[in-house]
Amino acid sequence: MSEIRLRDWLPQDAPFVLEAFAAQDMSAQAAGPITTTQDALRWIDQWSGLENGHAFAIVAGDRVCGNVAVTGIDRHDNGWVSYWTAPRVRGKGVASAGLRLLTEWAFAERGLFRLELGHRVNNPASCRVATSAGFLVEGLERAKLRYDGVRYDVELHARLATD
Ligand SMILES: CC(C)(COP(=O)(O)OP(=O)(O)OC[C@H]1O[C@@H](n2cnc3c(N)ncnc32)[C@H](O)[C@@H]1OP(=O)(O)O)[C@@H](O)C(=O)NCCC(=O)NCCS
């Protein structure tokens with residue numbers, strides 16, 4: 001895998017976004033279905049000019065591999081982190097590298113102090129990504145999310161600028 005870096009999302013990434021959201025486990029990563037080029041372009045456009053957050057494409061060489069974002073930045077300099085990678089690049093350290101780069105950017109460039117994230121307890125890969133980027137476990141939110149009529153516990157992680 002080439003060196004991982006972050007860059008802003010571009011309209012030409014729409015075919016990649018469409019491909020990535022075709023995966024079954026991606027439906028929770030967007031507010032609605034992404035099944036057309038128009039949907040993908042809207043998904044990309046939502047990030048431009050966002051005042052309380054920023055999303056980056058995770059890129060290896062010239063290949064887009066996934067997304068890492070911090071949203072909901074509040075007046076306490078806290079932010080909420082999320083990430084996903086395309087199925088074809090998973091298991092190669094892409095999400096972990098992307099999250100480490102986002103964390104550096106958020107603390108050093110954006111001036112944040114606390115980054116938070118949560119994953120369903122049946123998502124061990126996401127838990128590994130979080131812990132490998134230094135996000136400590138802070139607790140469990142019981143039955144927080146409901147998908148297809150099933151409720152899931154969510155494990156919370158956070159990393160501080162001073163960790
Ligand atoms: C979760 C996700 C982002 C991981 O992306 P990735 O690029 O494969 O992540 P990485 O390769 O950096 O790391 C994956 C880690 O999980 C581990 N892992 C993968 N599947 C696992 C499983 N079933 N059980 C335990 N660990 C697992 C890998 O071994 C690796 O750990 P390591 O670094 O100790 O070897 C990706 O699967 C994804 O996008 N899933 C759908 C969206 C999603 O769930 N996003 C997170 C929402 S909280």
# chains A, B, ... in the order shown; residues from 1 in each chain; ligands from 1

$ residues_around --residues "Thr131 in chain A" --least-positions-apart "4" --cutoff "10 Å" --atoms "only C-alpha atoms" --output "PyMOL selection string"
chain A and resi 96+126-127+135-137+157-159

$ residues_around --residues "Pro87 in chain A" --least-positions-apart "5" --cutoff "10 Å" --atoms "only C-alpha atoms" --output "PDB file with N, CA, C and O atoms, in the first residue's frame"
ATOM      1  N   GLU A  19     -19.380   3.435  -5.557  1.00  0.00           N
ATOM      2  CA  GLU A  19     -18.892   2.051  -5.391  1.00  0.00           C
ATOM      3  C   GLU A  19     -18.821   1.684  -3.898  1.00  0.00           C
ATOM      4  O   GLU A  19     -19.275   0.616  -3.486  1.00  0.00           O
ATOM      5  N   ALA A  20     -18.267   2.594  -3.094  1.00  0.00           N
ATOM      6  CA  ALA A  20     -18.092   2.294  -1.671  1.00  0.00           C
ATOM      7  C   ALA A  20     -19.440   2.073  -0.989  1.00  0.00           C
ATOM      8  O   ALA A  20     -19.607   1.146  -0.191  1.00  0.00           O
ATOM      9  N   PHE A  21     -20.436   2.911  -1.318  1.00  0.00           N
ATOM     10  CA  PHE A  21     -21.728   2.810  -0.642  1.00  0.00           C
ATOM     11  C   PHE A  21     -22.574   1.646  -1.151  1.00  0.00           C
ATOM     12  O   PHE A  21     -23.656   1.383  -0.620  1.00  0.00           O
ATOM     13  N   ALA A  22     -22.076   0.932  -2.145  1.00  0.00           N
ATOM     14  CA  ALA A  22     -22.784  -0.275  -2.603  1.00  0.00           C
ATOM     15  C   ALA A  22     -22.614  -1.408  -1.597  1.00  0.00           C
ATOM     16  O   ALA A  22     -23.379  -2.377  -1.600  1.00  0.00           O
ATOM     17  N   ALA A  23     -21.618  -1.303  -0.708  1.00  0.00           N
ATOM     18  CA  ALA A  23     -21.379  -2.361   0.279  1.00  0.00           C
ATOM     19  C   ALA A  23     -22.506  -2.367   1.321  1.00  0.00           C
ATOM     20  O   ALA A  23     -22.977  -1.310   1.739  1.00  0.00           O
ATOM     21  N   GLN A  24     -22.899  -3.564   1.733  1.00  0.00           N
ATOM     22  CA  GLN A  24     -24.032  -3.710   2.639  1.00  0.00           C
ATOM     23  C   GLN A  24     -23.808  -3.010   3.980  1.00  0.00           C
ATOM     24  O   GLN A  24     -24.736  -2.450   4.558  1.00  0.00           O
ATOM     25  N   ASP A  25     -22.557  -3.029   4.472  1.00  0.00           N
ATOM     26  CA  ASP A  25     -22.297  -2.462   5.801  1.00  0.00           C
ATOM     27  C   ASP A  25     -22.076  -0.952   5.771  1.00  0.00           C
ATOM     28  O   ASP A  25     -21.650  -0.368   6.752  1.00  0.00           O
ATOM     29  N   MET A  26     -22.385  -0.306   4.644  1.00  0.00           N
ATOM     30  CA  MET A  26     -22.153   1.138   4.536  1.00  0.00           C
ATOM     31  C   MET A  26     -23.418   1.965   4.720  1.00  0.00           C
ATOM     32  O   MET A  26     -23.350   3.189   4.761  1.00  0.00           O
ATOM     33  N   CYS A  65      -9.454   5.795  -1.051  1.00  0.00           N
ATOM     34  CA  CYS A  65      -9.698   4.537  -0.337  1.00  0.00           C
ATOM     35  C   CYS A  65     -10.824   4.640   0.684  1.00  0.00           C
ATOM     36  O   CYS A  65     -11.382   3.625   1.081  1.00  0.00           O
ATOM     37  N   GLY A  66     -11.122   5.853   1.155  1.00  0.00           N
ATOM     38  CA  GLY A  66     -12.128   5.950   2.205  1.00  0.00           C
ATOM     39  C   GLY A  66     -12.294   7.364   2.700  1.00  0.00           C
ATOM     40  O   GLY A  66     -11.783   8.321   2.093  1.00  0.00           O
TER      41      GLY A  66
END

$ residues_around --residues "range 146-153 of chain A" --least-positions-apart "4" --cutoff "10 Å" --atoms "only C-alpha atoms" --output "list in words"
Ser27, Ala28, Gly118, His119, Arg120, Val121, Asn122, Leu140, Glu141 and Arg142 of chain A

$ closest_atom_pairs --of "chain A" --to "ligand 1" --cutoff "7 Å" --atoms "only C-alpha atoms and all ligand atoms" --output "CSV"
residue,atom,partner,partner_atom_place_in_ligand_line,distance
A:Asp25,CA,ligand 1,41 (C),5.2
A:Met26,CA,ligand 1,41 (C),5.3
A:Gln29,CA,ligand 1,42 (C),6.5
A:Ser82,CA,ligand 1,47 (C),6.2
A:Tyr83,CA,ligand 1,45 (N),5.3
A:Trp84,CA,ligand 1,39 (O),3.3
A:Thr85,CA,ligand 1,39 (O),4.0
A:Ala86,CA,ligand 1,39 (O),6.2
A:Val89,CA,ligand 1,7 (O),6.1
A:Arg90,CA,ligand 1,8 (O),3.3
A:Gly91,CA,ligand 1,11 (O),3.4
A:Lys92,CA,ligand 1,11 (O),4.2
A:Gly93,CA,ligand 1,12 (O),3.2
A:Val94,CA,ligand 1,7 (O),4.2
A:Ala95,CA,ligand 1,12 (O),3.9
A:Ser96,CA,ligand 1,12 (O),3.7
A:Ala97,CA,ligand 1,12 (O),6.3
A:Gly118,CA,ligand 1,48 (S),5.7
A:His119,CA,ligand 1,48 (S),3.9
A:Arg120,CA,ligand 1,48 (S),6.6
A:Asn123,CA,ligand 1,44 (O),6.4
A:Pro124,CA,ligand 1,25 (C),4.6
A:Ala125,CA,ligand 1,16 (O),3.4
A:Ser126,CA,ligand 1,1 (C),3.9
A:Arg128,CA,ligand 1,16 (O),4.8
A:Val129,CA,ligand 1,13 (O),5.0
A:Ser132,CA,ligand 1,33 (O),6.7

$ residues_around --residues "Gly72 in chain A" --least-positions-apart "5" --cutoff "7 Å" --atoms "only C-alpha atoms" --output "PDB file with N, CA, C and O atoms, in the first residue's frame"
ATOM      1  N   ASN A  52     -18.603  23.572  11.187  1.00  0.00           N
ATOM      2  CA  ASN A  52     -18.291  22.873  12.449  1.00  0.00           C
ATOM      3  C   ASN A  52     -17.726  21.469  12.210  1.00  0.00           C
ATOM      4  O   ASN A  52     -17.894  20.586  13.044  1.00  0.00           O
ATOM      5  N   GLY A  53     -17.054  21.303  11.074  1.00  0.00           N
ATOM      6  CA  GLY A  53     -16.450  20.001  10.822  1.00  0.00           C
ATOM      7  C   GLY A  53     -15.674  19.976   9.525  1.00  0.00           C
ATOM      8  O   GLY A  53     -15.649  20.972   8.790  1.00  0.00           O
ATOM      9  N   GLY A  79     -14.941  17.326  19.150  1.00  0.00           N
ATOM     10  CA  GLY A  79     -15.448  16.946  17.835  1.00  0.00           C
ATOM     11  C   GLY A  79     -15.780  15.464  17.802  1.00  0.00           C
ATOM     12  O   GLY A  79     -15.255  14.679  18.603  1.00  0.00           O
ATOM     13  N   TRP A  80     -16.684  15.102  16.884  1.00  0.00           N
ATOM     14  CA  TRP A  80     -17.123  13.716  16.733  1.00  0.00           C
ATOM     15  C   TRP A  80     -16.489  13.131  15.470  1.00  0.00           C
ATOM     16  O   TRP A  80     -16.588  13.713  14.394  1.00  0.00           O
TER      17      TRP A  80
END

$ select_by_dssp --residues "chain A" --states "helix (DSSP H, G or I)" --output "PyMOL selection string"
chain A and resi 11-20+24-29+37-45+87-89+94-108+124-132

$ write_last_selection --atoms "N, CA and C atoms" --output "compact mmCIF listing (two decimals), in the first residue's frame"
# COMPACT_ATOMS: atom_id res chain seq x y z
N PRO A 11 -15.38 16.51 -6.74
CA PRO A 11 -16.50 15.95 -7.52
C PRO A 11 -16.08 14.70 -8.32
N GLN A 12 -14.85 14.64 -8.76
CA GLN A 12 -14.43 13.47 -9.55
C GLN A 12 -14.33 12.18 -8.72
N ASP A 13 -14.52 12.30 -7.39
CA ASP A 13 -14.52 11.10 -6.54
C ASP A 13 -15.90 10.41 -6.53
N ALA A 14 -16.87 10.98 -7.26
CA ALA A 14 -18.24 10.43 -7.20
C ALA A 14 -18.30 8.94 -7.55
N PRO A 15 -17.61 8.45 -8.60
CA PRO A 15 -17.71 7.00 -8.89
C PRO A 15 -17.19 6.15 -7.73
N PHE A 16 -16.15 6.63 -7.05
CA PHE A 16 -15.63 5.89 -5.90
C PHE A 16 -16.66 5.85 -4.77
N VAL A 17 -17.28 7.01 -4.51
CA VAL A 17 -18.28 7.09 -3.43
C VAL A 17 -19.44 6.13 -3.72
N LEU A 18 -19.87 6.13 -4.97
CA LEU A 18 -20.97 5.24 -5.39
C LEU A 18 -20.58 3.78 -5.17
N GLU A 19 -19.38 3.43 -5.56
CA GLU A 19 -18.89 2.05 -5.39
C GLU A 19 -18.82 1.68 -3.90
N ALA A 20 -18.27 2.59 -3.09
CA ALA A 20 -18.09 2.29 -1.67
C ALA A 20 -19.44 2.07 -0.99
N GLN A 24 -22.90 -3.56 1.73
CA GLN A 24 -24.03 -3.71 2.64
C GLN A 24 -23.81 -3.01 3.98
N ASP A 25 -22.56 -3.03 4.47
CA ASP A 25 -22.30 -2.46 5.80
C ASP A 25 -22.08 -0.95 5.77
N MET A 26 -22.39 -0.31 4.64
CA MET A 26 -22.15 1.14 4.54
C MET A 26 -23.42 1.96 4.72
N SER A 27 -24.57 1.31 4.84
CA SER A 27 -25.83 2.07 4.85
C SER A 27 -25.92 3.03 6.03
N ALA A 28 -25.26 2.69 7.15
CA ALA A 28 -25.36 3.57 8.32
C ALA A 28 -24.41 4.76 8.22
N GLN A 29 -23.60 4.82 7.16
CA GLN A 29 -22.57 5.87 7.07
C GLN A 29 -23.06 7.12 6.35
N THR A 37 -25.22 8.72 -9.24
CA THR A 37 -24.12 9.70 -9.29
C THR A 37 -24.55 11.00 -8.62
N GLN A 38 -25.82 11.40 -8.80
CA GLN A 38 -26.32 12.62 -8.14
C GLN A 38 -26.23 12.50 -6.62
N ASP A 39 -26.61 11.32 -6.09
CA ASP A 39 -26.49 11.10 -4.63
C ASP A 39 -25.04 11.25 -4.19
N ALA A 40 -24.13 10.65 -4.98
CA ALA A 40 -22.71 10.69 -4.61
C ALA A 40 -22.18 12.12 -4.65
N LEU A 41 -22.60 12.89 -5.67
CA LEU A 41 -22.15 14.29 -5.76
C LEU A 41 -22.70 15.11 -4.60
N ARG A 42 -23.95 14.84 -4.21
CA ARG A 42 -24.53 15.54 -3.06
C ARG A 42 -23.77 15.19 -1.78
N TRP A 43 -23.40 13.90 -1.65
CA TRP A 43 -22.65 13.47 -0.46
C TRP A 43 -21.33 14.23 -0.39
N ILE A 44 -20.65 14.37 -1.54
CA ILE A 44 -19.36 15.08 -1.58
C ILE A 44 -19.58 16.57 -1.28
N ASP A 45 -20.63 17.13 -1.88
CA ASP A 45 -20.85 18.58 -1.74
C ASP A 45 -21.20 18.99 -0.31
N PRO A 87 -14.60 -1.61 0.67
CA PRO A 87 -14.31 -3.01 0.96
C PRO A 87 -13.01 -3.53 0.33
N ARG A 88 -12.65 -3.08 -0.87
CA ARG A 88 -11.46 -3.63 -1.53
C ARG A 88 -10.14 -3.25 -0.86
N VAL A 89 -10.13 -2.24 0.03
CA VAL A 89 -8.86 -1.86 0.68
C VAL A 89 -8.82 -2.24 2.16
N VAL A 94 -5.59 1.07 6.30
CA VAL A 94 -5.97 2.36 5.72
C VAL A 94 -6.76 3.22 6.71
N ALA A 95 -7.78 2.64 7.33
CA ALA A 95 -8.60 3.43 8.27
C ALA A 95 -7.76 3.89 9.46
N SER A 96 -6.91 3.00 9.97
CA SER A 96 -6.08 3.37 11.13
C SER A 96 -5.14 4.51 10.77
N ALA A 97 -4.49 4.43 9.60
CA ALA A 97 -3.58 5.51 9.18
C ALA A 97 -4.36 6.80 8.96
N GLY A 98 -5.54 6.69 8.33
CA GLY A 98 -6.36 7.88 8.08
C GLY A 98 -6.79 8.54 9.38
N LEU A 99 -7.17 7.71 10.36
CA LEU A 99 -7.61 8.28 11.64
C LEU A 99 -6.44 8.94 12.38
N ARG A 100 -5.26 8.33 12.29
CA ARG A 100 -4.09 8.97 12.94
C ARG A 100 -3.82 10.34 12.31
N LEU A 101 -3.91 10.42 10.97
CA LEU A 101 -3.65 11.70 10.29
C LEU A 101 -4.73 12.73 10.64
N LEU A 102 -5.99 12.29 10.69
CA LEU A 102 -7.06 13.22 11.06
C LEU A 102 -6.84 13.75 12.47
N THR A 103 -6.43 12.85 13.37
CA THR A 103 -6.22 13.24 14.77
C THR A 103 -5.12 14.31 14.86
N GLU A 104 -4.01 14.07 14.12
CA GLU A 104 -2.92 15.07 14.12
C GLU A 104 -3.44 16.41 13.62
N TRP A 105 -4.20 16.37 12.50
CA TRP A 105 -4.74 17.61 11.92
C TRP A 105 -5.68 18.31 12.90
N ALA A 106 -6.56 17.53 13.53
CA ALA A 106 -7.58 18.12 14.41
C ALA A 106 -6.94 18.82 15.61
N PHE A 107 -5.89 18.23 16.17
CA PHE A 107 -5.24 18.84 17.34
C PHE A 107 -4.29 19.96 16.91
N ALA A 108 -3.45 19.69 15.90
CA ALA A 108 -2.40 20.66 15.55
C ALA A 108 -2.91 21.80 14.67
N PRO A 124 -15.89 -5.07 15.75
CA PRO A 124 -14.56 -5.12 16.35
C PRO A 124 -13.49 -4.44 15.49
N ALA A 125 -13.68 -4.41 14.16
CA ALA A 125 -12.67 -3.76 13.30
C ALA A 125 -12.63 -2.26 13.61
N SER A 126 -13.81 -1.65 13.79
CA SER A 126 -13.84 -0.22 14.12
C SER A 126 -13.20 0.03 15.48
N CYS A 127 -13.42 -0.89 16.42
CA CYS A 127 -12.80 -0.75 17.75
C CYS A 127 -11.28 -0.77 17.64
N ARG A 128 -10.75 -1.66 16.80
CA ARG A 128 -9.29 -1.77 16.60
C ARG A 128 -8.74 -0.48 16.00
N VAL A 129 -9.46 0.05 15.00
CA VAL A 129 -9.03 1.30 14.37
C VAL A 129 -8.92 2.39 15.43
N ALA A 130 -9.95 2.49 16.28
CA ALA A 130 -9.97 3.53 17.32
C ALA A 130 -8.81 3.36 18.30
N THR A 131 -8.65 2.14 18.81
CA THR A 131 -7.61 1.95 19.84
C THR A 131 -6.22 2.11 19.23
N SER A 132 -6.06 1.68 17.96
CA SER A 132 -4.72 1.81 17.36
C SER A 132 -4.35 3.27 17.10

$ select_by_dssp --residues "chain A" --states "strand (DSSP E or B)" --output "number ranges by chain"
A: 4-7, 54-60, 63-71, 78-85, 114-120, 136-147, 150-160

$ closest_residue --among "A:Thr71, A:Thr35, A:Asn78, A:Thr162" --to "Ala55 in chain A" --atoms "only C-alpha atoms"
A:Thr71

$ atom_distance --atom1 "CA of His54 in chain A" --atom2 "CA of Arg5 in chain A"
15.0 Å

$ atom_distance --atom1 "CA of Glu138 in chain A" --atom2 "CA of Leu156 in chain A"
5.5 Å

$ atom_distance --atom1 "CA of Asp74 in chain A" --atom2 "CA of Leu117 in chain A"
14.5 Å
